[in-house]
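Student: Quick one: the structure is below, questions incoming.
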Protein chains: 2
Amino acid sequence: MNPRTVTLIDVARRVGLSRTTVSEALSGKGRVSDETRERVRAAADELGYVGNRLARQLRTRSIGAIGYHGPLEARDLEFYMRFAFGVAGEALTWGVDTVLMVGEDSLSSGRQLGGVIAVDPGVDDPVVTALIRAQVPVVAVGRYESSEGLRAAVTLEARHAELQKDLLERLGRKGCRRFELWGMSADITSAFVSDAQHVFEAWTSKGGPSGLSGATRTFAKNPTPESVQRAVREALDRGVDAIVCGVQGLATQAEQALAQVGDSAGRAGIAVASFASDPPLATGPVIDLSPREYGATAARLLSDAMAEPPVGAHVWFEGGRLVDPQGWGQRA
Amino acid sequence: MNPRTVTLIDVARRVGLSRTTVSEALSGKGRVSDETRERVRAAADELGYVGNRLARQLRTRSIGAIGYHGPLEARDLEFYMRFAFGVAGEALTWGVDTVLMVGEDSLSSGRQLGGVIAVDPGVDDPVVTALIRAQVPVVAVGRYESSEGLRAAVTLEARHAELQKDLLERLGRKGCRRFELWGMSADITSAFVSDAQHVFEAWTSKGGPSGLSGATRTFAKNPTPESVQRAVREALDRGVDAIVCGVQGLATQAEQALAQVGDSAGRAGIAVASFASDPPLATGPVIDLSPREYGATAARLLSDAMAEPPVGAHVWFEGGRLVDPQGWGQRA
DNA sequence: CCGATATGCCGAATCGATTCGGCACGGTGG
DNA sequence: CCACCGTGCCGAATCGATTCGGCATATCGG
């Protein structure tokens, strides 16, 4: 492809040694005198030698790359980008590339991957399903649910339930009583969506202080500012004092809408919170999942899973935490 | 890696033919009778044969993958995620994977890539610099500026200047006079940042209606809600009536802050706009760069550039447009 | 001075696919 | 009947690196 690639043989010729010796000298593996090793190294980077990955991987039957697969309907979110870079950064430390999978189109090359990290897969996610069938090790981040009983090699989950309960309780302690959960319709079938719903319902129905009420509202995929404004207005009319968003980005839009609806409602103390790792809000707490670290953890698990045939393990990710806006404690 | 990989030889044995014939039958290249071809195909997918990419690519010296490289300080933005998927989707149509590059750590494997798409590279971006030196075809999206005079194979740019001028004029027609440009310090050295600055200064100093004033304000990398609120308050004090943000995400925060600062200022008609492809705002226009299409375009250019030694071409991306909030026209 | 051990290096096979040149066979035309 | 050509298939080299077994030469104990 390039003008001319420098191969091991070129280096060997340069120093008058066999390619065996050169290979061993560079990898530090065989029995090679220190002096020779040095000479080889010098020649190698004088010639600009860069070992050919393909050849190496072919010979050693080693992994070339792993795949990153996000939830189709929401994969653009900043959260997932951070996550993906967490994966890629970790994979690089063991010399492996991370390729972006684009839905089912990626399946043909997907079979060649050493493993795949699937974040928040939907129910019966076709990509995950096909990969598991093809015996590719898959780390599911968030549960993968299959109507055929297929299982991911490893499942990694954050402690959503605990964190969400904490968040709700915090709102409760600040005096919030009328809660509303805002989510994104059934577009996203990932497990965390329905889980969040359950946690919310359980808590508002019996877990929290007395006098609680909880309602749910769903939005279309990319809510327009107008639809969110309408929702905010309606929430105010109904006396809602805490809006809890279940999808990244929605909370920010909600606060934005509050600005527009204006009429001092913003300062009336209505709190906007988020279950889903938003950037910090101004009016309420947010769950921060440390996506980068989360991704790196997933990659590490995949690495383990590739080493030995896995058993469908389940692992908790402990890096999530609650973040309150500064000074939020003083109010209410 | 997997239980056992089915190779060409396995298929050959199965049908009692040589691997040459099998290879040719499957690729449809040599002289093989239709009947044999069919038999081979059947055997192949009965055995679940999937050609080994590494071997194929090694033999044919073909491209395995291209790389995606974003601007270090801002690569998490949703915009870039969309862009990256645009690249990956397009690359997939020609059977090529897209790998995520993680800064300089990716350089060793980067040399093995068929090409790289570098979005908004910083001045003397070390990754781009190294790649160009290593003769890897690079498509720079947004100008790559090098103090050593290096050039990307192809440069793709959106019509930032025109779009930004349009945006400012639109604000001007709505009656805005005191402008402020909000950017993110010198952390991001990508060309579009300083370009935006110039457009803004040029327009506010002589391009727009009379009575204009323009000022600039920069923020730290991840501005806290508090710092943005402070900025909003100060802007109000100074009588600013249009805040133009130069970085994705900042505008949203600004509108959020307006909600907090409250006191009917929000409705006072201050407009928040954005140069940088924010999600729609409620109070002002935004430049939408169609990141997915932008990425796909970049990938297509890379494909061309890999085919024939490129010449440092410059291409305009015409997919950008202005988006106004609904009903914004009526106010002001 | 001799057999044993250690050291430094190399030959050749291997990973899995692609590809060029060539072999054998059957048919055609003169 | 022979020269010639098209068809269907295969052998072997190749891509670039890794790795095992082995061959000299040097070193050492007795």
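Residues are referred to by chain and number: the chain letter is A, B, ... according to the order shown in the structure tokens, the number counts from 1 in that chain, and ligands are numbered separately from 1 in the order shown.
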Got a sec to align chain B on chain A by every in-order Cα pair and hand back the fitted coordinates as a short mmCIF file (atom, residue, chain, number, x, y, z; two decimals) with C-alpha atoms, in the first residue's frame?
Tutor:
data_model
loop_
_atom_site.label_atom_id
_atom_site.label_comp_id
_atom_site.auth_asym_id
_atom_site.auth_seq_id
_atom_site.Cartn_x
_atom_site.Cartn_y
_atom_site.Cartn_z
CA MET B 1 0.14 0.72 0.35
CA ASN B 2 2.86 3.12 1.36
CA PRO B 3 5.78 4.00 -0.85
CA ARG B 4 7.54 0.88 0.27
CA THR B 5 7.19 -1.08 3.37
CA VAL B 6 10.27 -2.19 5.22
CA THR B 7 9.99 -5.83 6.05
CA LEU B 8 11.84 -8.15 8.32
CA ILE B 9 13.80 -9.37 5.32
CA ASP B 10 15.07 -5.90 4.58
CA VAL B 11 16.40 -5.64 8.07
CA ALA B 12 17.90 -9.11 7.83
CA ARG B 13 19.70 -8.26 4.62
CA ARG B 14 20.98 -5.07 6.13
CA VAL B 15 22.72 -6.84 8.97
CA GLY B 16 23.52 -10.00 7.06
CA LEU B 17 21.45 -12.31 9.24
CA SER B 18 18.49 -14.56 8.72
CA ARG B 19 14.97 -13.32 9.30
CA THR B 20 14.63 -15.81 12.09
CA THR B 21 17.40 -14.17 14.03
CA VAL B 22 16.11 -10.72 13.33
CA SER B 23 12.64 -11.64 14.46
CA GLU B 24 13.98 -13.17 17.62
CA ALA B 25 16.32 -10.32 18.27
CA LEU B 26 13.52 -7.80 18.08
CA SER B 27 11.02 -9.75 20.07
CA GLY B 28 13.66 -10.75 22.59
CA LYS B 29 12.68 -14.37 22.39
CA GLY B 30 15.28 -16.70 20.98
CA ARG B 31 18.93 -17.19 21.80
CA VAL B 32 20.67 -14.20 20.34
CA SER B 33 23.88 -12.58 21.55
CA ASP B 34 23.46 -9.20 23.10
CA GLU B 35 25.74 -7.67 20.57
CA THR B 36 23.73 -8.97 17.63
CA ARG B 37 20.51 -7.95 19.26
CA GLU B 38 21.80 -4.44 19.53
CA ARG B 39 22.96 -4.36 15.96
CA VAL B 40 19.59 -5.56 14.76
CA ARG B 41 17.72 -3.03 16.79
CA ALA B 42 19.88 -0.26 15.41
CA ALA B 43 19.37 -1.37 11.84
CA ALA B 44 15.65 -1.74 12.41
CA ASP B 45 15.02 1.74 13.48
CA GLU B 46 17.50 3.15 11.07
CA LEU B 47 15.39 1.63 8.31
CA GLY B 48 12.22 2.62 10.09
CA TYR B 49 11.04 -0.93 10.39
CA VAL B 50 7.54 -1.39 11.78
CA GLY B 51 6.34 -4.93 12.02
CA ASN B 52 3.32 -5.76 9.93
CA ARG B 53 0.41 -6.28 12.24
CA LEU B 54 -1.57 -8.33 9.81
CA ALA B 55 1.19 -10.83 9.30
CA ARG B 56 1.94 -11.10 12.95
CA GLN B 57 -1.63 -11.56 13.92
CA LEU B 58 -2.24 -14.03 11.16
CA ARG B 59 0.68 -16.12 12.26
CA THR B 60 0.01 -15.99 15.96
CA ARG B 61 -3.76 -16.16 15.61
CA SER B 62 -3.91 -13.28 17.97
CA ILE B 63 -6.48 -10.67 18.61
CA GLY B 64 -6.34 -7.64 16.43
CA ALA B 65 -9.08 -5.56 17.84
CA ILE B 66 -12.16 -5.50 19.93
CA GLY B 67 -15.43 -3.89 18.99
CA TYR B 68 -17.54 -1.22 20.63
CA HIS B 69 -21.28 -1.46 20.10
CA GLY B 70 -23.68 1.15 21.47
CA PRO B 71 -27.46 1.29 21.61
CA LEU B 72 -28.67 2.24 18.16
CA GLU B 73 -31.18 4.84 19.17
CA ALA B 74 -28.99 6.74 21.58
CA ARG B 75 -25.44 5.99 20.66
CA ASP B 76 -24.58 9.61 19.97
CA LEU B 77 -24.93 10.70 23.55
CA GLU B 78 -21.89 12.16 25.18
CA PHE B 79 -22.07 9.48 27.81
CA TYR B 80 -21.38 6.79 25.27
CA MET B 81 -18.54 8.70 23.67
CA ARG B 82 -16.84 8.93 27.03
CA PHE B 83 -17.51 5.29 27.61
CA ALA B 84 -16.08 4.33 24.25
CA PHE B 85 -12.89 6.22 24.93
CA GLY B 86 -12.66 4.50 28.27
CA VAL B 87 -12.79 1.19 26.46
CA ALA B 88 -10.33 2.21 23.80
CA GLY B 89 -7.85 3.63 26.28
CA GLU B 90 -7.84 0.49 28.33
CA ALA B 91 -7.61 -1.80 25.31
CA LEU B 92 -4.65 0.15 24.11
CA THR B 93 -2.73 -0.67 27.24
CA TRP B 94 -2.75 -4.25 26.10
CA GLY B 95 -2.02 -3.26 22.52
CA VAL B 96 -5.42 -3.79 21.06
CA ASP B 97 -7.42 -1.41 18.91
CA THR B 98 -11.07 -0.63 19.39
CA VAL B 99 -13.29 -0.47 16.36
CA LEU B 100 -16.60 1.29 16.17
CA MET B 101 -19.41 -1.02 15.22
CA VAL B 102 -22.19 0.48 13.18
CA GLY B 103 -25.12 -1.76 13.77
CA GLU B 104 -25.60 -4.86 11.71
CA ASP B 105 -23.40 -3.62 8.92
CA SER B 106 -20.45 -4.34 11.13
CA LEU B 107 -21.29 -7.95 11.61
CA SER B 108 -19.16 -9.40 8.86
CA SER B 109 -16.05 -7.85 10.27
CA GLY B 110 -17.38 -8.35 13.76
CA ARG B 111 -16.76 -12.04 13.62
CA GLN B 112 -13.09 -11.30 13.26
CA LEU B 113 -12.92 -9.35 16.44
CA GLY B 114 -11.45 -10.78 19.56
CA GLY B 115 -14.44 -9.62 21.52
CA VAL B 116 -17.07 -6.95 21.70
CA ILE B 117 -18.35 -4.59 24.30
CA ALA B 118 -22.04 -3.96 23.92
CA VAL B 119 -23.39 -1.09 25.96
CA ASP B 120 -27.04 -1.01 26.87
CA PRO B 121 -28.05 -3.52 24.26
CA GLY B 122 -31.69 -3.63 23.34
CA VAL B 123 -33.83 -6.69 23.92
CA ASP B 124 -32.74 -9.29 21.36
CA ASP B 125 -30.27 -6.81 20.00
CA PRO B 126 -29.47 -8.30 16.60
CA VAL B 127 -25.79 -7.48 16.72
CA VAL B 128 -25.27 -9.03 20.10
CA THR B 129 -27.34 -12.02 19.17
CA ALA B 130 -25.29 -12.67 16.06
CA LEU B 131 -22.02 -12.24 17.88
CA ILE B 132 -22.89 -14.63 20.65
CA ARG B 133 -23.99 -17.17 18.07
CA ALA B 134 -20.67 -16.73 16.32
CA GLN B 135 -18.93 -17.47 19.59
CA VAL B 136 -17.46 -14.03 19.92
CA PRO B 137 -16.96 -13.08 23.58
CA VAL B 138 -19.36 -10.29 24.44
CA VAL B 139 -19.35 -8.11 27.52
CA ALA B 140 -22.81 -6.68 27.97
CA VAL B 141 -22.89 -3.44 29.89
CA GLY B 142 -26.40 -3.38 31.17
CA ARG B 143 -28.28 -6.63 30.85
CA TYR B 144 -28.72 -8.27 27.47
CA GLU B 145 -32.08 -9.94 27.30
CA SER B 146 -32.65 -12.61 24.78
CA SER B 147 -35.89 -14.37 23.97
CA GLU B 148 -33.80 -17.34 22.93
CA GLY B 149 -31.99 -17.60 26.20
CA LEU B 150 -28.62 -16.49 24.86
CA ARG B 151 -26.23 -15.03 27.38
CA ALA B 152 -23.37 -12.62 27.17
CA ALA B 153 -20.02 -13.88 28.35
CA VAL B 154 -20.02 -11.26 31.07
CA THR B 155 -22.58 -8.74 32.21
CA LEU B 156 -21.48 -5.54 33.88
CA GLU B 157 -24.06 -3.39 35.59
CA ALA B 158 -23.99 -0.19 37.56
CA ARG B 159 -25.99 -0.04 40.75
CA HIS B 160 -28.82 1.75 39.08
CA ALA B 161 -31.48 0.71 41.50
CA GLU B 162 -29.65 1.93 44.60
CA LEU B 163 -28.52 5.14 43.00
CA GLN B 164 -31.96 5.91 41.72
CA LYS B 165 -33.57 5.24 45.04
CA ASP B 166 -31.02 7.53 46.69
CA LEU B 167 -31.82 10.21 44.19
CA LEU B 168 -35.54 9.96 44.78
CA GLU B 169 -35.08 10.01 48.50
CA ARG B 170 -32.95 13.06 48.30
CA LEU B 171 -35.71 14.80 46.37
CA GLY B 172 -38.20 13.63 48.93
CA ARG B 173 -36.17 15.05 51.77
CA LYS B 174 -36.14 18.35 49.99
CA GLY B 175 -39.90 18.34 50.12
CA CYS B 176 -40.83 17.14 46.66
CA ARG B 177 -44.09 15.21 46.56
CA ARG B 178 -45.48 15.18 43.07
CA PHE B 179 -43.00 13.30 40.89
CA GLU B 180 -42.95 12.79 37.18
CA LEU B 181 -40.62 10.42 35.32
CA TRP B 182 -39.71 11.49 31.85
CA GLY B 183 -38.41 8.88 29.47
CA MET B 184 -38.06 8.17 25.83
CA SER B 185 -40.86 5.93 24.62
CA ALA B 186 -40.21 2.38 23.66
CA ASP B 187 -37.58 3.31 21.14
CA ILE B 188 -34.94 2.22 23.55
CA THR B 189 -35.47 -1.30 24.72
CA SER B 190 -32.32 -1.37 26.81
CA ALA B 191 -32.87 -2.86 30.20
CA PHE B 192 -32.02 0.26 32.13
CA VAL B 193 -35.10 2.01 30.78
CA SER B 194 -37.63 -0.40 32.15
CA ASP B 195 -35.59 -0.87 35.30
CA ALA B 196 -35.73 2.84 35.94
CA GLN B 197 -39.45 2.73 35.43
CA HIS B 198 -39.85 0.00 38.01
CA VAL B 199 -37.71 1.70 40.59
CA PHE B 200 -39.68 4.85 40.13
CA GLU B 201 -43.03 3.18 40.39
CA ALA B 202 -42.04 1.13 43.39
CA TRP B 203 -40.71 4.11 45.23
CA THR B 204 -43.53 6.50 44.48
CA SER B 205 -46.16 3.94 45.32
CA LYS B 206 -44.84 2.84 48.67
CA GLY B 207 -41.17 3.56 49.21
CA GLY B 208 -41.19 7.26 49.95
CA PRO B 209 -42.79 9.66 52.38
CA SER B 210 -46.56 9.90 52.49
CA GLY B 211 -48.48 12.11 50.14
CA LEU B 212 -46.45 11.00 47.16
CA SER B 213 -47.67 10.80 43.61
CA GLY B 214 -45.81 9.56 40.61
CA ALA B 215 -46.62 9.74 36.92
CA THR B 216 -44.75 8.85 33.78
CA ARG B 217 -44.41 10.66 30.53
CA THR B 218 -42.55 9.61 27.40
CA PHE B 219 -41.12 11.64 24.59
CA ALA B 220 -40.27 11.01 20.98
CA LYS B 221 -36.68 10.33 20.08
CA ASN B 222 -35.38 13.84 19.64
CA PRO B 223 -37.86 15.99 21.48
CA THR B 224 -38.22 19.49 20.09
CA PRO B 225 -37.84 22.36 22.50
CA GLU B 226 -41.53 23.08 21.96
CA SER B 227 -42.70 19.67 23.03
CA VAL B 228 -40.59 19.88 26.15
CA GLN B 229 -41.92 23.32 26.92
CA ARG B 230 -45.44 22.05 26.58
CA ALA B 231 -44.63 19.23 28.92
CA VAL B 232 -43.14 21.60 31.46
CA ARG B 233 -46.18 23.81 31.35
CA GLU B 234 -48.49 20.87 31.84
CA ALA B 235 -46.38 19.65 34.70
CA LEU B 236 -46.63 23.02 36.39
CA ASP B 237 -50.37 23.01 35.93
CA ARG B 238 -50.57 19.67 37.58
CA GLY B 239 -48.52 20.90 40.48
CA VAL B 240 -45.55 18.66 39.79
CA ASP B 241 -42.56 19.63 41.85
CA ALA B 242 -39.96 17.12 40.68
CA ILE B 243 -39.18 16.07 37.16
CA VAL B 244 -36.93 13.04 36.96
CA CYS B 245 -35.46 12.32 33.57
CA GLY B 246 -34.46 8.87 32.53
CA VAL B 247 -32.38 9.67 29.48
CA GLN B 248 -29.27 11.74 29.16
CA GLY B 249 -29.91 15.14 27.70
CA LEU B 250 -33.58 15.30 28.44
CA ALA B 251 -33.05 16.91 31.82
CA THR B 252 -31.00 19.67 30.32
CA GLN B 253 -33.75 20.35 27.87
CA ALA B 254 -36.23 20.40 30.67
CA GLU B 255 -34.32 23.05 32.57
CA GLN B 256 -34.01 24.96 29.35
CA ALA B 257 -37.73 24.80 28.90
CA LEU B 258 -38.27 26.06 32.40
CA ALA B 259 -36.34 29.14 31.38
CA GLN B 260 -38.77 29.74 28.57
CA VAL B 261 -41.95 29.03 30.36
CA GLY B 262 -40.56 31.57 32.71
CA ASP B 263 -43.18 33.26 34.86
CA SER B 264 -41.27 32.77 38.03
CA ALA B 265 -42.13 29.12 37.94
CA GLY B 266 -38.47 28.41 37.63
CA ARG B 267 -37.95 29.75 41.07
CA ALA B 268 -41.05 28.14 42.37
CA GLY B 269 -38.75 25.35 43.39
CA ILE B 270 -39.52 22.73 40.80
CA ALA B 271 -36.59 20.33 40.70
CA VAL B 272 -35.22 18.66 37.62
CA ALA B 273 -33.16 15.56 38.24
CA SER B 274 -31.76 12.85 36.07
CA PHE B 275 -31.23 9.12 36.34
CA ALA B 276 -28.92 9.08 33.42
CA SER B 277 -25.60 10.71 33.95
CA ASP B 278 -26.44 14.14 32.62
CA PRO B 279 -23.98 16.95 32.95
CA PRO B 280 -24.68 18.66 36.28
CA LEU B 281 -28.05 20.33 36.49
CA ALA B 282 -28.85 23.50 38.34
CA THR B 283 -32.05 22.45 40.04
CA GLY B 284 -31.60 18.88 41.09
CA PRO B 285 -29.37 15.86 41.57
CA VAL B 286 -27.97 13.69 38.82
CA ILE B 287 -26.51 10.23 38.68
CA ASP B 288 -22.95 10.30 37.45
CA LEU B 289 -21.80 6.97 36.14
CA SER B 290 -18.14 7.92 35.45
CA PRO B 291 -18.46 6.67 31.92
CA ARG B 292 -14.75 6.59 31.21
CA GLU B 293 -13.99 4.38 34.15
CA TYR B 294 -17.07 2.33 33.40
CA GLY B 295 -15.78 1.69 29.91
CA ALA B 296 -12.32 0.82 31.12
CA THR B 297 -13.81 -1.66 33.56
CA ALA B 298 -15.79 -3.27 30.79
CA ALA B 299 -12.68 -3.58 28.68
CA ARG B 300 -10.80 -5.24 31.49
CA LEU B 301 -13.57 -7.76 31.88
CA LEU B 302 -13.50 -8.47 28.18
CA SER B 303 -9.80 -9.07 28.39
CA ASP B 304 -10.38 -11.66 31.08
CA ALA B 305 -13.20 -13.23 29.18
CA MET B 306 -11.05 -13.63 26.11
CA ALA B 307 -8.40 -15.41 28.09
CA GLU B 308 -10.60 -18.18 29.34
CA PRO B 309 -13.98 -19.37 28.12
CA PRO B 310 -16.35 -17.42 30.33
CA VAL B 311 -19.34 -18.55 32.22
CA GLY B 312 -21.89 -15.79 31.99
CA ALA B 313 -20.60 -13.94 35.01
CA HIS B 314 -22.28 -10.89 36.46
CA VAL B 315 -20.25 -8.00 37.82
CA TRP B 316 -21.27 -4.81 39.54
CA PHE B 317 -19.71 -1.52 38.64
CA GLU B 318 -19.31 0.55 41.77
CA GLY B 319 -18.17 3.79 40.23
CA GLY B 320 -21.54 5.52 40.04
CA ARG B 321 -22.47 8.35 42.37
CA LEU B 322 -24.95 11.11 42.97
CA VAL B 323 -24.14 14.70 42.16
CA ASP B 324 -26.07 17.61 43.57
CA PRO B 325 -25.90 21.12 42.25
CA GLN B 326 -23.89 23.40 44.48
CA GLY B 327 -26.00 25.17 46.98
CA TRP B 328 -28.98 23.05 46.22
CA GLY B 329 -29.06 21.96 49.82
CA GLN B 330 -29.82 25.48 51.02
CA ARG B 331 -32.99 25.95 49.00
CA ALA B 332 -36.25 24.09 49.11
#
Student: Based on the backbone DSSP call, show me all residues of stretch 231-265 of chain B assigned strand (DSSP E), as a PyMOL selection string.
Tutor: chain B and resi 242-245
Student: Just need the residues of chain D within 9 Å of chain B, counting only C-alpha atoms (C1' of nucleotides), so spit them out as number ranges by chain.
Tutor: D: 7-10, 14-16
Student: Can you write out the residues you just picked, keeping N, CA and C atoms (P, O5', C5', C4', C3', O3' and C1' of nucleotides), as a tab-separated table (two decimals), in the first residue's frame?
Tutor:
chain	number	residue	atom	x	y	z
D	7	DT	P	-13.96	-21.44	-22.90
D	7	DT	O5'	-13.83	-22.69	-21.94
D	7	DT	C5'	-14.43	-23.94	-22.34
D	7	DT	C4'	-14.09	-24.99	-21.30
D	7	DT	C3'	-14.29	-24.55	-19.85
D	7	DT	O3'	-15.14	-25.49	-19.23
D	7	DT	C1'	-12.16	-25.57	-20.14
D	8	DG	P	-15.82	-25.18	-17.84
D	8	DG	O5'	-14.84	-25.96	-16.87
D	8	DG	C5'	-14.82	-27.40	-16.93
D	8	DG	C4'	-13.75	-27.90	-15.99
D	8	DG	C3'	-13.81	-27.30	-14.58
D	8	DG	O3'	-13.87	-28.36	-13.65
D	8	DG	C1'	-11.62	-27.15	-15.45
D	9	DC	P	-14.03	-28.11	-12.07
D	9	DC	O5'	-12.51	-28.17	-11.63
D	9	DC	C5'	-11.83	-29.44	-11.70
D	9	DC	C4'	-10.35	-29.21	-11.58
D	9	DC	C3'	-9.86	-28.74	-10.21
D	9	DC	O3'	-9.36	-29.88	-9.50
D	9	DC	C1'	-8.65	-27.76	-12.03
D	10	DC	P	-8.93	-29.78	-8.00
D	10	DC	O5'	-7.36	-29.55	-8.13
D	10	DC	C5'	-6.59	-30.46	-8.89
D	10	DC	C4'	-5.19	-29.91	-9.04
D	10	DC	C3'	-4.49	-29.54	-7.72
D	10	DC	O3'	-3.25	-30.18	-7.68
D	10	DC	C1'	-4.31	-27.79	-9.29
D	14	DT	P	8.40	-16.93	-4.34
D	14	DT	O5'	7.23	-16.13	-3.62
D	14	DT	C5'	6.24	-15.46	-4.40
D	14	DT	C4'	5.21	-14.86	-3.47
D	14	DT	C3'	5.79	-14.22	-2.21
D	14	DT	O3'	5.59	-12.82	-2.27
D	14	DT	C1'	3.85	-15.52	-1.75
D	15	DC	P	6.56	-11.89	-1.37
D	15	DC	O5'	5.50	-11.25	-0.37
D	15	DC	C5'	4.30	-10.64	-0.82
D	15	DC	C4'	3.36	-10.51	0.35
D	15	DC	C3'	4.09	-10.22	1.66
D	15	DC	O3'	4.03	-8.82	1.92
D	15	DC	C1'	2.41	-11.92	1.91
D	16	DG	P	5.41	-8.13	2.40
D	16	DG	O5'	5.56	-8.56	3.93
D	16	DG	C5'	4.68	-8.02	4.89
D	16	DG	C4'	4.87	-8.74	6.19
D	16	DG	C3'	6.28	-8.67	6.76
D	16	DG	O3'	6.18	-8.19	8.07
D	16	DG	C1'	5.47	-10.88	6.82
Student: Near stretch 25-30 of chain D, counting only C-alpha atoms (C1' of nucleotides), which residues have an atom at most 12 Å away, once you skip same-chain residues fewer than 2 positions from it, shown as number ranges by chain?
Tutor: C: 1-9; D: 23
Student: Restricting the output to N, CA and C atoms (P, O5', C5', C4', C3', O3' and C1' of nucleotides), write the selected residues as a short mmCIF file (atom, residue, chain, number, x, y, z; two decimals), in the first residue's frame.
Tutor:
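What ended up in result36.cif:
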data_model
loop_
_atom_site.label_atom_id
_atom_site.label_comp_id
_atom_site.auth_asym_id
_atom_site.auth_seq_id
_atom_site.Cartn_x
_atom_site.Cartn_y
_atom_site.Cartn_z
P DC C 1 46.61 -31.26 25.20
"O5'" DC C 1 45.54 -32.24 25.89
"C5'" DC C 1 45.78 -33.62 25.95
"C4'" DC C 1 44.46 -34.27 26.27
"C3'" DC C 1 43.36 -33.95 25.26
"O3'" DC C 1 42.56 -35.13 25.09
"C1'" DC C 1 42.68 -33.19 27.38
P DC C 2 41.42 -35.19 23.97
"O5'" DC C 2 40.14 -35.54 24.86
"C5'" DC C 2 40.21 -36.61 25.81
"C4'" DC C 2 38.86 -36.72 26.51
"C3'" DC C 2 37.67 -36.53 25.56
"O3'" DC C 2 36.61 -37.38 25.94
"C1'" DC C 2 37.64 -34.83 27.21
P DG C 3 35.42 -37.72 24.86
"O5'" DG C 3 34.10 -37.38 25.68
"C5'" DG C 3 33.78 -38.10 26.86
"C4'" DG C 3 32.94 -37.21 27.77
"C3'" DG C 3 31.56 -36.84 27.21
"O3'" DG C 3 30.60 -37.01 28.24
"C1'" DG C 3 32.78 -34.86 27.73
P DA C 4 29.05 -36.80 27.95
"O5'" DA C 4 28.76 -35.42 28.67
"C5'" DA C 4 29.05 -35.30 30.07
"C4'" DA C 4 28.74 -33.87 30.51
"C3'" DA C 4 27.36 -33.36 30.06
"O3'" DA C 4 26.77 -32.66 31.14
"C1'" DA C 4 29.06 -31.89 29.30
P DT C 5 25.20 -32.31 31.11
"O5'" DT C 5 25.26 -30.74 30.97
"C5'" DT C 5 26.08 -29.97 31.86
"C4'" DT C 5 26.21 -28.56 31.33
"C3'" DT C 5 24.90 -27.92 30.83
"O3'" DT C 5 24.72 -26.70 31.52
"C1'" DT C 5 26.67 -27.57 29.29
P DA C 6 23.36 -25.85 31.33
"O5'" DA C 6 23.97 -24.53 30.68
"C5'" DA C 6 25.30 -24.11 31.05
"C4'" DA C 6 25.71 -22.93 30.19
"C3'" DA C 6 24.57 -22.02 29.73
"O3'" DA C 6 25.03 -20.68 29.83
"C1'" DA C 6 25.71 -22.88 27.84
P DT C 7 24.13 -19.46 29.44
"O5'" DT C 7 24.66 -19.10 27.99
"C5'" DT C 7 26.04 -18.75 27.83
"C4'" DT C 7 26.30 -18.46 26.38
"C3'" DT C 7 25.31 -17.48 25.75
"O3'" DT C 7 26.06 -16.44 25.15
"C1'" DT C 7 25.59 -19.39 24.38
P DG C 8 25.31 -15.10 24.65
"O5'" DG C 8 25.21 -15.40 23.09
"C5'" DG C 8 26.42 -15.47 22.33
"C4'" DG C 8 26.07 -15.81 20.90
"C3'" DG C 8 24.94 -14.96 20.31
"O3'" DG C 8 25.41 -14.39 19.10
"C1'" DG C 8 24.54 -17.27 19.94
P DC C 9 24.47 -13.38 18.27
"O5'" DC C 9 23.85 -14.39 17.21
"C5'" DC C 9 24.74 -14.98 16.25
"C4'" DC C 9 24.04 -16.13 15.57
"C3'" DC C 9 22.87 -15.76 14.69
"O3'" DC C 9 23.33 -15.74 13.34
"C1'" DC C 9 22.52 -17.81 15.88
P DC D 23 21.89 -31.05 14.16
"O5'" DC D 23 23.02 -30.10 13.57
"C5'" DC D 23 22.65 -29.03 12.69
"C4'" DC D 23 23.63 -27.88 12.86
"C3'" DC D 23 25.02 -28.32 13.32
"O3'" DC D 23 25.99 -27.64 12.58
"C1'" DC D 23 24.21 -26.68 14.77
#
Student: With 12 Å as the limit and counting only C-alpha atoms (C1' of nucleotides), what residues in chain C lie close to chain B? Please list them as number ranges by chain.
Tutor: C: 15-20
Student: Using the chain letters and numbers from this document, which residues of stretch 53-244 of chain B does DSSP assign to helix (DSSP H, G or I), as an MDAnalysis selection string?
Tutor: chainID B and resid 53:60 72:74 78:93 103:110 126:133 160:173 191:207 225:237
Student: Record the distance separating atom C1' of C:DT14 and atom C1' of D:DA24, expressed in Å with one decimal.
Tutor: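 Going from atom C1' of C:DT14 over to atom C1' of D:DA24, I get 25.6 Å.
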